[in-house]
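Enquirer: Mind having a look at this structure? Questions to follow.
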Amino acid sequence: MAASTAINPALVERFKSALDRLNPDGGKIGLAVSGGPDSMAMLLLAHEAIPSGFEVGTVDHGLRPEAKDECALVVAACEERGVPCEVLTVTIAEGNVQAKAREARYFALDLWAQRRGLAVVATAHHADDQAETLLMRLNRGSGVSGLAGVREYVWPLGHELPVIRPLLRFRRAELDGVIKTAGLTVAQDPSNHDDRFDRVRMRQALSEADWLDPLALSRSASHLAEADEALDSQTNAAVRDHVTRYSDRVECSSPPNRAIALRVIDRIIGWLGGTARGSQVADLLDKLERCEGGNVGGVLVTVEGKWGQAQPPRWVFRPEPPRRTG
């Protein structure tokens, strides 16, 4: 007797519930499918849960020779099921390849979804991804924003449409089971087994720590995301009360507490075109609290005044001047 290829109805129902929660208006969804097992499982779940309610976009970054074949796998799976699918070819800017590829991918998906009249873009991040991210960032000393990990619902800056993650309450093993049941051919990224990468080592460590529950870790990340939103609201108020922007600089008096001060500084650095890790911002704040200047992420900060005077010290942020050569 041939094995059944029917997906467990309970998984389909859980996926449908996630979509109803994250896309309550029921607009057509754009699935980001790479050809890997997680996103292909999402494709299969969507075909069962909302058979005419989605389209698929698959991105060819042009970074690996296998990319075209992986996109072809996605196209074939969609054609077999009568699902509209489009291959999106992107060009990666110079710099950090992974970061630039991610940026190009999300912008391409956003433009495609707009053109197709879709309501949201869905990616296949799951609970194990979230647990790995949380533990990696804990190991780096990240703050609340970093520990919040990937969000179930986010509206990226500069995008016209939101991004949802309907699989964040699913385990990797459940998605692998969907693929196995369907007998679907999927792409395997060799970098997922290369222990030179932090994420691969963390994945291996998690697989050996059966006392750690990725679903519970993922829930913790969600709670941290809620805390992050509350802190962000307080940061907006602190910016209004403590920050003044000029054409050539930004001035700031010390915000009411350290958590908010870190966020205000990070926001000012971003305004001036810089970027900095949380640990770098924390080191800078330590200096500013001692009335010492510093520079980070291409931004130079000086201090005017001292504690104990009629007015508290002010921090003055400017773009760091170009280095002299010759």
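Please note that chains go A, B, ... in the order of the structure tokens, that every chain numbers its residues from 1, and that ligands are numbered from 1 in the order shown.
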Enumerate the residues of range 203-324 of chain A with a DSSP assignment of strand (DSSP E or B), computed from the backbone, and present them as a VMD selection string.

Expert: chain A and resid 243 to 245 250 to 253 294 to 296 299 to 304 314 to 319

Enquirer: For the selection just defined, write its residues with C-alpha atoms to a file, as a compact mmCIF listing (two decimals), in the first residue's frame.

Expert:
# COMPACT_ATOMS: atom_id res chain seq x y z
CA VAL A 243 17.05 65.94 21.64
CA THR A 244 17.50 68.92 19.31
CA ARG A 245 18.43 68.44 15.66
CA VAL A 250 22.40 66.69 17.00
CA GLU A 251 22.44 67.76 20.65
CA CYS A 252 21.08 65.71 23.52
CA SER A 253 20.79 66.06 27.29
CA GLY A 294 34.07 59.30 21.83
CA ASN A 295 33.35 58.10 18.33
CA VAL A 296 31.47 55.11 17.03
CA VAL A 299 29.85 59.54 14.43
CA LEU A 300 31.92 61.82 16.68
CA VAL A 301 30.46 62.77 20.08
CA THR A 302 31.69 65.57 22.34
CA VAL A 303 30.44 66.71 25.74
CA GLU A 304 29.67 70.32 26.65
CA ARG A 314 24.95 68.13 26.69
CA TRP A 315 26.13 65.52 24.23
CA VAL A 316 26.88 66.83 20.74
CA PHE A 317 26.82 64.34 17.85
CA ARG A 318 28.37 65.10 14.44
CA PRO A 319 29.40 62.98 11.45

Enquirer: Which residues, written as a VMD selection string, have at least one atom at most 6 Å from range 218-222 of chain A, with only C-alpha atoms counted and residues fewer than 5 positions away on the same chain left out?

Expert: chain A and resid 127 130 to 131 148

Enquirer: If you keep N, CA, C and O atoms, can you produce a file of those selected residues as a PDB file, in the first residue's frame?

Expert:
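The file below, part-v8.pdb, is the result:
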ATOM      1  N   ALA A 127      10.227  28.268  15.013  1.00  0.00           N
ATOM      2  CA  ALA A 127      10.618  28.363  16.424  1.00  0.00           C
ATOM      3  C   ALA A 127      12.089  28.038  16.643  1.00  0.00           C
ATOM      4  O   ALA A 127      12.755  28.659  17.482  1.00  0.00           O
ATOM      5  N   GLN A 130      14.163  30.980  15.755  1.00  0.00           N
ATOM      6  CA  GLN A 130      14.045  32.001  16.791  1.00  0.00           C
ATOM      7  C   GLN A 130      14.887  31.652  18.015  1.00  0.00           C
ATOM      8  O   GLN A 130      15.568  32.519  18.586  1.00  0.00           O
ATOM      9  N   ALA A 131      14.852  30.380  18.412  1.00  0.00           N
ATOM     10  CA  ALA A 131      15.641  29.941  19.568  1.00  0.00           C
ATOM     11  C   ALA A 131      17.132  30.112  19.308  1.00  0.00           C
ATOM     12  O   ALA A 131      17.883  30.575  20.177  1.00  0.00           O
ATOM     13  N   ALA A 148      14.777  40.249  21.116  1.00  0.00           N
ATOM     14  CA  ALA A 148      13.410  40.048  20.612  1.00  0.00           C
ATOM     15  C   ALA A 148      13.399  39.208  19.339  1.00  0.00           C
ATOM     16  O   ALA A 148      12.369  38.657  18.958  1.00  0.00           O
TER      17      ALA A 148
END

Enquirer: Identify all residues of range 150-326 of chain A in alpha helix (DSSP H) (DSSP on the backbone) and supply them as a ChimeraX atom specification.

Expert: /A:172-182,198-208,214-242,258-271,278-289

Enquirer: Please determine, counting only C-alpha atoms, which residue among A:Gly36, A:Gly95, A:Gly270, A:Gly62 has the shortest atom-to-atom distance to Val74 in chain A.

Expert: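 Of A:Gly36, A:Gly95, A:Gly270, A:Gly62, the one nearest Val74 in chain A is A:Gly36, counting only C-alpha atoms.
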
Enquirer: Please indicate the distance in Å from CA of Gly141 in chain A to CA of Lys100 in chain A, rounded to one decimal place.

Expert: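 Rounded to one decimal, the two atoms are 24.0 Å apart.
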
Enquirer: Quote the spacing between CA of Ala261 in chain A and CA of Gly297 in chain A in Å to one decimal place.

Expert: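 Calculated distance between CA of Ala261 in chain A and CA of Gly297 in chain A is 16.9 Å.
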
Enquirer: Return the single residue from A:Arg116, A:Arg240, A:His193, A:Arg137 that is closest to Val150 in chain A, with distances computed using only C-alpha atoms.

Expert: A:Arg137
